[in-house]
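File shown: query.cif. Contents: mmCIF, C-alpha atoms and all ligand atoms.
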```cif
data_work
loop_
_atom_site.label_atom_id
_atom_site.label_comp_id
_atom_site.auth_asym_id
_atom_site.auth_seq_id
_atom_site.Cartn_x
_atom_site.Cartn_y
_atom_site.Cartn_z
CA MET A 1 -8.64 8.24 4.95
CA LEU A 2 -5.24 9.37 6.10
CA ALA A 3 -3.15 8.86 3.00
CA ARG A 4 0.47 7.86 3.23
CA GLN A 5 3.08 10.58 2.93
CA SER A 6 4.38 11.07 -0.56
CA PRO A 7 8.11 11.57 -0.95
CA LYS A 8 7.55 14.97 -2.59
CA GLN A 9 9.36 17.25 -0.14
CA SER A 10 12.71 16.18 -1.53
CA TYR A 11 11.78 16.84 -5.17
CA PRO A 12 13.11 19.80 -7.12
CA ALA A 13 10.58 22.08 -8.88
CA THR A 14 11.15 20.30 -12.17
CA SER A 15 13.11 17.17 -12.88
CA ALA A 16 16.03 16.50 -15.14
CA SER A 17 16.12 12.79 -14.24
CA PRO A 18 15.24 10.37 -17.04
CA ALA A 19 11.80 8.82 -17.06
CA HIS A 20 11.75 5.06 -16.46
CA TRP A 21 8.99 3.81 -18.79
CA LEU A 22 7.82 0.21 -18.55
CA SER A 23 9.03 -1.87 -21.49
CA THR A 24 6.35 -3.26 -23.79
CA ALA A 25 7.48 -6.78 -22.76
CA ASP A 26 6.90 -5.94 -19.07
CA TRP A 27 3.52 -4.37 -19.91
CA LYS A 28 2.53 -7.57 -21.69
CA ALA A 29 3.85 -9.71 -18.80
CA PHE A 30 1.52 -7.79 -16.45
CA GLU A 31 -1.42 -8.44 -18.78
CA ASP A 32 -0.54 -12.15 -19.01
CA ALA A 33 -0.40 -12.34 -15.20
CA GLY A 34 -3.87 -10.79 -14.88
CA THR A 35 -2.49 -7.50 -13.55
CA ALA A 36 -3.95 -4.24 -14.83
CA ALA A 37 -2.81 -2.06 -11.93
CA HIS A 38 0.83 -1.03 -12.21
CA ARG A 39 3.07 1.94 -12.85
CA ALA A 40 3.69 2.84 -16.48
CA CYS A 41 6.44 5.34 -15.73
CA SER A 42 8.48 6.68 -12.81
CA LEU A 43 10.75 9.68 -12.60
CA HIS A 44 11.89 12.04 -9.90
CA GLY A 45 8.85 14.13 -9.04
CA ALA A 46 6.22 12.28 -11.04
CA TRP A 47 4.84 8.88 -11.98
CA VAL A 48 2.13 7.42 -14.18
CA GLU A 49 -0.18 4.62 -13.01
CA ARG A 50 -2.23 2.36 -15.22
CA LEU A 51 -5.34 1.59 -13.17
CA GLY A 52 -7.39 -0.78 -15.28
CA GLU A 53 -9.13 1.25 -17.98
CA ASP A 54 -7.83 4.54 -16.56
CA LEU A 55 -4.51 6.35 -16.37
CA LEU A 56 -3.44 8.50 -13.39
CA ILE A 57 -0.56 10.96 -13.78
CA ASN A 58 0.91 12.00 -10.42
CA HIS A 59 3.05 15.08 -10.75
CA GLN A 60 4.94 17.62 -8.75
CA SER A 61 4.57 20.46 -11.24
CA PRO A 62 2.40 21.43 -14.24
CA ALA A 63 5.55 21.23 -16.42
CA LEU A 64 6.07 17.57 -15.48
CA LEU A 65 2.41 16.83 -16.11
CA ALA A 66 2.56 18.38 -19.59
CA SER A 67 5.72 16.52 -20.57
CA LEU A 68 4.48 13.16 -19.25
CA LEU A 69 1.16 13.59 -21.05
CA GLU A 70 2.98 14.35 -24.29
CA GLU A 71 5.33 11.38 -23.89
CA TRP A 72 2.45 9.07 -22.93
CA LYS A 73 0.69 9.88 -26.24
CA LEU A 74 3.82 8.84 -28.15
CA ARG A 75 4.24 5.60 -26.19
CA ALA A 76 0.61 4.44 -25.81
CA PRO A 77 0.42 2.75 -29.26
CA ALA A 78 3.35 0.46 -28.39
CA TYR A 79 1.48 -0.72 -25.29
CA ALA A 80 -1.66 -1.33 -27.43
CA TYR A 81 -3.66 0.35 -24.65
CA THR A 82 -5.97 3.34 -24.86
CA PRO A 83 -7.20 4.59 -21.48
CA GLN A 84 -10.86 5.52 -21.29
CA ARG A 85 -9.91 8.43 -19.02
CA ILE A 86 -6.76 10.25 -17.95
CA PHE A 87 -6.68 11.69 -14.43
CA SER A 88 -3.99 13.87 -12.87
CA ARG A 89 -3.06 14.34 -9.23
CA PRO A 90 -0.69 17.00 -7.92
CA LEU A 91 1.76 15.74 -5.29
CA PRO A 92 1.23 18.21 -2.43
CA LEU A 93 3.83 19.74 -0.13
CA GLN A 94 1.59 19.39 2.94
CA ASN A 95 -0.90 16.68 3.94
CA ALA A 96 -3.55 19.40 4.16
CA GLU A 97 -3.10 20.15 0.44
CA ARG A 98 -3.98 16.61 -0.63
CA SER A 99 -6.83 16.43 -3.10
CA ALA A 100 -8.65 13.84 -5.19
CA PRO A 101 -7.53 13.19 -8.78
CA VAL A 102 -8.82 15.56 -11.47
CA LEU A 103 -10.25 14.32 -14.76
CA LEU A 104 -8.08 15.56 -17.66
CA GLU A 105 -9.49 13.55 -20.56
CA GLY A 106 -12.48 11.25 -21.02
CA ASP A 107 -16.19 11.19 -20.29
CA PRO A 108 -17.07 12.90 -16.98
CA ALA A 109 -20.27 10.84 -16.84
CA LEU A 110 -18.37 7.55 -16.40
CA PRO A 111 -18.54 6.09 -12.85
CA VAL A 112 -15.92 7.26 -10.37
CA GLU A 113 -15.87 3.76 -8.89
CA THR A 114 -14.07 1.08 -10.91
CA VAL A 115 -12.45 -2.31 -10.36
CA VAL A 116 -8.85 -3.25 -11.17
CA SER A 117 -7.15 -6.62 -11.23
CA GLU A 118 -3.83 -7.65 -9.72
CA SER A 119 -2.72 -11.23 -10.31
CA ARG A 120 -6.40 -11.91 -10.99
CA MET A 121 -7.43 -10.53 -7.58
CA ARG A 122 -10.00 -7.74 -7.88
CA PHE A 123 -9.88 -4.44 -6.02
CA GLY A 124 -12.33 -1.54 -6.05
CA LEU A 125 -11.09 1.99 -6.73
CA ASP A 126 -12.86 5.29 -6.19
CA PHE A 127 -11.48 8.34 -8.00
CA SER A 128 -13.61 10.65 -5.84
CA ALA A 129 -12.65 9.16 -2.44
CA GLY A 130 -9.78 11.56 -1.78
CA TYR A 131 -6.07 11.62 -2.38
CA SER A 132 -5.70 7.81 -2.44
CA VAL A 133 -7.96 5.89 -4.78
CA GLY A 134 -7.90 2.52 -3.00
CA LEU A 135 -4.85 0.39 -3.82
CA PHE A 136 -1.15 0.93 -3.13
CA LEU A 137 0.66 -0.57 -6.11
CA ASP A 138 4.06 -0.75 -4.35
CA GLN A 139 2.73 -3.56 -2.11
CA ARG A 140 2.05 -5.94 -5.02
CA ALA A 141 4.94 -8.30 -4.23
CA ASN A 142 3.98 -8.46 -0.54
CA ARG A 143 0.36 -9.21 -1.42
CA ALA A 144 1.63 -11.94 -3.77
CA LEU A 145 3.62 -13.50 -0.90
CA LEU A 146 0.46 -13.66 1.24
CA ARG A 147 -1.58 -14.97 -1.70
CA THR A 148 0.64 -18.06 -1.90
CA ALA A 149 1.42 -18.63 1.80
CA PRO A 150 -0.62 -21.24 3.65
CA LEU A 151 -1.28 -19.14 6.78
CA LYS A 152 -4.06 -19.81 9.28
CA ARG A 153 -4.46 -16.47 11.10
CA VAL A 154 -3.52 -13.11 9.58
CA LEU A 155 -3.77 -9.71 11.27
CA ASN A 156 -3.82 -6.75 8.89
CA THR A 157 -3.28 -3.49 10.80
CA PHE A 158 -3.80 -0.03 9.20
CA ALA A 159 -5.81 -2.18 6.79
CA TYR A 160 -7.31 0.66 4.65
CA THR A 161 -9.24 -1.20 1.90
CA CYS A 162 -8.01 -4.59 3.18
CA SER A 163 -6.06 -5.64 0.08
CA PHE A 164 -3.58 -7.65 2.19
CA SER A 165 -6.51 -9.38 3.92
CA VAL A 166 -8.04 -10.33 0.56
CA ALA A 167 -4.74 -11.88 -0.60
CA ALA A 168 -4.40 -13.86 2.66
CA ALA A 169 -8.05 -14.95 2.69
CA LEU A 170 -7.75 -16.22 -0.89
CA ALA A 171 -4.91 -18.45 0.37
CA GLY A 172 -7.24 -19.80 3.07
CA ALA A 173 -6.38 -17.59 6.08
CA GLU A 174 -8.84 -16.26 8.64
CA THR A 175 -8.20 -12.52 8.67
CA LEU A 176 -8.62 -9.69 11.16
CA SER A 177 -8.50 -6.24 9.53
CA VAL A 178 -8.09 -3.17 11.75
CA ASP A 179 -8.42 0.44 10.73
CA LEU A 180 -9.63 3.66 12.34
CA SER A 181 -11.88 4.29 9.36
CA GLN A 182 -15.15 2.38 9.25
CA LYS A 183 -15.59 3.64 5.69
CA SER A 184 -12.29 2.07 4.57
CA LEU A 185 -13.28 -1.22 6.22
CA GLU A 186 -16.59 -1.10 4.30
CA ARG A 187 -14.54 -0.82 1.12
CA GLY A 188 -12.51 -3.76 2.44
CA ARG A 189 -15.65 -5.86 2.84
CA HIS A 190 -16.61 -4.93 -0.72
CA ASN A 191 -13.16 -6.12 -1.89
CA PHE A 192 -13.85 -9.47 -0.23
CA VAL A 193 -17.14 -9.74 -2.13
CA LEU A 194 -15.41 -8.79 -5.41
CA ASN A 195 -13.15 -11.81 -4.85
CA GLU A 196 -16.02 -14.16 -3.98
CA LEU A 197 -14.95 -14.30 -0.34
CA ASP A 198 -17.56 -14.17 2.42
CA PRO A 199 -16.77 -11.12 4.60
CA SER A 200 -18.83 -12.56 7.47
CA ALA A 201 -16.22 -15.31 7.83
CA HIS A 202 -13.59 -12.65 8.62
CA ARG A 203 -13.22 -9.93 11.28
CA PHE A 204 -13.17 -6.18 10.60
CA VAL A 205 -12.53 -3.89 13.58
CA ALA A 206 -12.69 -0.10 13.52
CA ASP A 207 -10.22 0.90 16.23
CA ASP A 208 -6.80 2.38 16.94
CA VAL A 209 -4.12 -0.26 16.24
CA GLN A 210 -2.12 1.01 19.22
CA ASP A 211 -5.06 0.19 21.53
CA LEU A 212 -6.01 -3.07 19.87
CA LEU A 213 -2.60 -4.82 19.86
CA PRO A 214 -2.29 -4.94 23.69
CA ARG A 215 -5.94 -6.07 23.91
CA LEU A 216 -5.23 -8.96 21.52
CA ALA A 217 -2.19 -9.88 23.68
CA ARG A 218 -4.35 -9.89 26.84
CA ARG A 219 -6.81 -12.20 25.05
CA LYS A 220 -3.82 -14.42 24.16
CA GLU A 221 -4.58 -14.24 20.45
CA GLN A 222 -1.73 -15.33 18.16
CA PHE A 223 -1.22 -14.74 14.45
CA ASP A 224 0.85 -16.47 11.79
CA ALA A 225 1.33 -13.20 9.91
CA ILE A 226 0.90 -9.56 10.91
CA ILE A 227 0.95 -6.65 8.47
CA LEU A 228 2.35 -3.39 9.87
CA ASP A 229 2.10 -0.79 7.10
CA PRO A 230 1.13 2.42 8.92
CA PRO A 231 0.95 5.94 7.49
CA THR A 232 3.87 8.27 8.15
CA PHE A 233 1.71 10.33 10.47
CA SER A 234 -1.79 10.01 11.87
CA ARG A 235 -3.95 10.77 14.85
CA GLY A 236 -5.70 7.86 16.50
CA ASN A 237 -8.11 7.48 19.45
CA LYS A 238 -8.36 10.60 21.65
CA GLY A 239 -6.12 12.47 19.21
CA ARG A 240 -3.13 10.25 20.03
CA ARG A 241 -0.32 10.86 17.56
CA PHE A 242 1.32 8.12 15.51
CA ARG A 243 4.58 9.09 13.86
CA ALA A 244 6.44 6.32 12.00
CA GLU A 245 9.90 7.66 12.89
CA ASP A 246 9.11 7.58 16.62
CA ASP A 247 6.52 4.84 17.00
CA LEU A 248 7.42 2.01 14.60
CA GLN A 249 9.64 0.35 17.20
CA ALA A 250 6.86 0.15 19.83
CA LEU A 251 4.37 -1.00 17.21
CA LEU A 252 6.68 -3.85 16.18
CA SER A 253 7.30 -4.84 19.82
CA ALA A 254 3.54 -5.02 20.43
CA ALA A 255 3.10 -7.11 17.28
CA LEU A 256 5.87 -9.53 18.28
CA GLU A 257 3.90 -10.33 21.45
CA ILE A 258 1.07 -11.79 19.40
CA THR A 259 3.13 -13.48 16.67
CA ALA A 260 3.03 -17.27 16.82
CA PRO A 261 6.34 -19.18 16.74
CA GLY A 262 7.41 -19.34 13.09
CA GLY A 263 5.08 -16.42 12.32
CA ARG A 264 5.99 -13.46 10.09
CA ILE A 265 5.59 -9.71 10.35
CA LEU A 266 5.64 -7.34 7.39
CA LEU A 267 7.19 -4.04 8.51
CA SER A 268 6.60 -1.34 5.91
CA THR A 269 6.77 2.42 5.70
CA ASN A 270 6.60 5.25 3.21
CA CYS A 271 8.35 7.59 5.64
CA THR A 272 11.21 8.98 3.56
CA LYS A 273 13.42 9.17 6.66
CA LEU A 274 13.27 5.37 7.12
CA ARG A 275 14.96 3.13 4.56
CA VAL A 276 15.22 -0.69 4.64
CA ALA A 277 18.47 -0.52 6.66
CA ASP A 278 16.62 1.48 9.34
CA LEU A 279 13.83 -1.12 9.39
CA GLU A 280 16.49 -3.82 9.90
CA THR A 281 17.88 -1.90 12.89
CA ILE A 282 14.38 -1.49 14.34
CA ALA A 283 13.65 -5.20 13.80
CA ARG A 284 16.89 -6.40 15.43
CA PHE A 285 16.30 -4.12 18.40
CA ALA A 286 12.68 -5.28 18.87
CA LEU A 287 13.65 -8.97 18.60
CA LYS A 288 16.43 -8.48 21.15
CA ASN A 289 14.10 -6.62 23.55
CA ALA A 290 11.58 -9.44 23.27
CA ARG A 291 14.35 -12.03 23.73
CA LEU A 292 13.32 -13.65 20.47
CA GLN A 293 15.32 -15.01 17.55
CA GLY A 294 14.24 -14.15 14.04
CA THR A 295 15.30 -13.85 10.43
CA LEU A 296 14.94 -10.81 8.19
CA GLN A 297 13.95 -11.08 4.53
CA HIS A 298 13.67 -8.40 1.88
CA SER A 299 10.60 -8.13 -0.33
CA PRO A 300 11.12 -9.04 -4.00
CA PRO A 301 11.82 -6.01 -6.24
CA LEU A 302 9.10 -4.67 -8.55
CA VAL A 303 9.82 -4.11 -12.23
CA ASP A 304 7.73 -0.90 -12.28
CA PHE A 305 9.31 0.64 -9.15
CA PRO A 306 12.93 1.73 -9.65
CA VAL A 307 15.23 1.38 -6.63
CA LYS A 308 14.37 3.75 -3.77
CA THR A 309 10.85 4.41 -5.01
CA GLY A 310 7.81 2.98 -3.24
CA ALA A 311 7.58 1.76 0.33
CA SER A 312 10.54 0.43 2.32
CA THR A 313 9.54 -3.05 3.45
CA LEU A 314 11.00 -5.91 5.46
CA TRP A 315 9.66 -9.35 6.47
CA ILE A 316 10.61 -10.57 9.94
CA GLN A 317 10.13 -14.25 10.72
CA ARG A 318 10.31 -15.23 14.38
CA ARG A 319 11.72 -18.63 15.23
C1 LIG B 401 -1.43 4.33 4.21
S1 LIG B 401 -2.95 3.60 4.62
C2 LIG B 401 -2.44 1.94 4.90
C3 LIG B 401 -2.29 1.22 3.60
C4 LIG B 401 -2.55 -0.25 3.70
N1 LIG B 401 -1.58 -0.91 4.55
C5 LIG B 401 -2.53 -0.85 2.29
O1 LIG B 401 -1.49 -1.33 1.83
O2 LIG B 401 -3.57 -0.76 1.63
C6 LIG B 401 -3.16 4.18 6.23
C7 LIG B 401 -4.42 3.62 6.92
O3 LIG B 401 -4.16 3.61 8.31
C8 LIG B 401 -5.33 3.99 8.99
N2 LIG B 401 -4.87 4.48 10.30
C9 LIG B 401 -4.12 5.55 10.57
N3 LIG B 401 -3.82 5.61 11.88
C10 LIG B 401 -4.40 4.52 12.45
C11 LIG B 401 -4.43 4.01 13.76
N4 LIG B 401 -3.79 4.63 14.76
N5 LIG B 401 -5.10 2.87 13.99
C12 LIG B 401 -5.75 2.22 12.98
N6 LIG B 401 -5.74 2.66 11.70
C13 LIG B 401 -5.07 3.79 11.44
C14 LIG B 401 -5.99 5.02 8.12
O4 LIG B 401 -7.35 5.13 8.39
C15 LIG B 401 -5.68 4.45 6.73
O5 LIG B 401 -6.73 3.64 6.25
#
```
Would it be possible to restate this file's structure as structure tokens?
Amino acid sequence: MLARQSPKQSYPATSASPAHWLSTADWKAFEDAGTAAHRACSLHGAWVERLGEDLLINHQSPALLASLLEEWKLRAPAYAYTPQRIFSRPLPLQNAERSAPVLLEGDPALPVETVVSESRMRFGLDFSAGYSVGLFLDQRANRALLRTAPLKRVLNTFAYTCSFSVAAALAGAETLSVDLSQKSLERGRHNFVLNELDPSAHRFVADDVQDLLPRLARRKEQFDAIILDPPTFSRGNKGRRFRAEDDLQALLSAALEITAPGGRILLSTNCTKLRVADLETIARFALKNARLQGTLQHSPPLVDFPVKTGASTLWIQRR
């Protein structure tokens, strides 16, 4: 899978910024809401994720890893949580340097595949699958919006393990999930099964989103919600390049063509050069080009993601 770009290039070698640890009240609120997949700590250059029974420390330097591990041991009793394993994952400078998490503590014989819950939805993880283990925690609030919206037809592009599709399908939508990777879509189907949803009642298409969107327009398909959460950079069919900075505008324009009146588009990126204000500019421009009216809405903030961490996201609702 082509993992999303991490914001590491801007980090210093070590960090003097204070760590933002989740309060015990917020930890408990996650448990009460049936969520066992969230950040435990964020700081410049590192973060700690609680992924069900396991902990994953993402770090930009061995010094940050050592200090977070030490601080975790002091804080863990207050959370009343003992991970069965602790993994670490270096944040690479280049995409080519990305590697799967490494087991630091715990039984190496335990399965690399696990299941985590988010608002009582269930998602499969795989600690051996590569750099990304299967669920992007910074999209929790956007999944929650889909989980409660009564939408009929939802298109999830760059679907990866189809977590957005699961949330929409649980709310009764028919979903179409598109990703270049057949393997990721297989994991998506498994996520449907984990949530007692019948994958055969939904569509999964392995293709380049940039080829599929115009095809859907020619077939006059329309969607009530479209998820556009592409990687910062990827290569699609015939080696065609996708670069968020250059191609988000065209992607949004193509999506607007197949958005039903009143329908919504989630525009999201982890490209560090694009903040929410840039997404607003892109959205206004695309709406104007398409001669459409629309409203822009920000995603709700997440208690475990301090400002300016996580993806930049924007909902666009066409009139
Ligand atoms: C960062 S992940 C997307 C995360 C996903 N939106 C989520 O929240 O779980 C990027 C995904 O886009 C897929 N991808 C990259 N370029 C693509 C393209 N041109 N067409 C379709 N899928 C693509 C990759 O295979 C990968 O699964």
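In this comparison, which uses all atoms listed in the file, the residue of A:Phe136, A:Phe164, A:Phe123, A:Trp315 approaching Asn191 (chain A) most closely is A:Phe123.
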From A:Leu56, A:Leu287, A:Leu216, A:Leu267, residue lying nearest Ala100 (chain A) [all atoms listed in the file]: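 Once distances to Ala100 (chain A) are computed over all atoms listed in the file, the minimum belongs to A:Leu56.
Across the model, the gap from CA of Gln249 (chain A) to CA of Ala217 (chain A) is 16.9 Å.
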Residue neighbourhood Val116 (chain A), 12 Å, only C-alpha atoms, exclusion window fewer than 2 positions, as number ranges by chain: A: 31, 34-38, 49-55, 113-114, 118-126, 133-137, 163, 191, 194-195
Shortest interatomic distance to His44 (chain A) - which of A:Leu91, A:Arg143, A:Ser299, A:Pro83, counting only C-alpha atoms: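 Using only C-alpha atoms, the shortest distance to His44 (chain A) belongs to A:Leu91.
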For Phe233 (chain A), the nearest of the candidates A:Trp72, A:Pro108, A:Gln94, A:Asp211, counting all atoms listed in the file: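 Looking at the shortest contact to Phe233 (chain A), the residue is A:Gln94.
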All residues 9 Å or closer to His59 (chain A), all atoms listed in the file, same chain fewer than 2 positions away omitted, as a ChimeraX atom specification: /A:45-48,57,61-65,68,88-91
Could you turn the residues from that selection into a file that holds C-alpha atoms, as a CSV table (one decimal), keeping the file's coordinate frame?
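After the write, part10.csv holds the following:
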```csv
chain,number,residue,atom,x,y,z
A,45,GLY,CA,8.8,14.1,-9.0
A,46,ALA,CA,6.2,12.3,-11.0
A,47,TRP,CA,4.8,8.9,-12.0
A,48,VAL,CA,2.1,7.4,-14.2
A,57,ILE,CA,-0.6,11.0,-13.8
A,61,SER,CA,4.6,20.5,-11.2
A,62,PRO,CA,2.4,21.4,-14.2
A,63,ALA,CA,5.6,21.2,-16.4
A,64,LEU,CA,6.1,17.6,-15.5
A,65,LEU,CA,2.4,16.8,-16.1
A,68,LEU,CA,4.5,13.2,-19.2
A,88,SER,CA,-4.0,13.9,-12.9
A,89,ARG,CA,-3.1,14.3,-9.2
A,90,PRO,CA,-0.7,17.0,-7.9
A,91,LEU,CA,1.8,15.7,-5.3
```
Neighbours of point (15.9, -6.0, 18.1) within 12 Å, using all atoms listed in the file, written as a list in words: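 Final list of nearby residues, as requested, is Gln249, Ala250, Leu252, Ser253, Leu256, Asp278, Leu279, Glu280, Thr281, Ile282, Ala283, Arg284, Phe285, Ala286, Leu287, Lys288, Asn289, Ala290, Arg291, Leu292, Gln293, Gly294, Thr295, Leu296, Ile316 and Arg318 of chain A.
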Residue nearest Gly262 (chain A) - candidates A:Val154, A:Ala225, A:Leu274, A:Leu185, atoms counted: all atoms listed in the file: A:Ala225
Point (-9.3, -7.2, 12.3) neighbourhood (7 Å, only C-alpha atoms) written as a PyMOL selection string: chain A and resi 155-156+175-178+203-205
Point-to-point distance from CA of Asn58 (chain A) to CA of Ser132 (chain A), Å rounded to tenths: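 Between CA of Asn58 (chain A) and CA of Ser132 (chain A) the gap is 11.2 Å.
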Pick from A:Ser312, A:Thr269, A:Ser23, A:Gln222, whichever lies nearest to ligand LIG 401 (chain B) using all atoms listed in the file: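 That would be A:Thr269, the residue with the smallest distance to ligand LIG 401 (chain B).
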Pairwise distance for CA of Thr161 (chain A) and atom C8 of ligand LIG 401 (chain B), rounded to one decimal in Å: 9.6 Å
Is it possible to get the axis-aligned box enclosing ligand LIG 401 (chain B) (all listed atoms, 8 Å extra per side) as lines of an AutoDock Vina configuration file, with centre and edge lengths in Å rounded to one decimal?
```
center_x = -4.4
center_y = 2.1
center_z = 8.2
size_x = 21.9
size_y = 22.9
size_z = 29.1
```
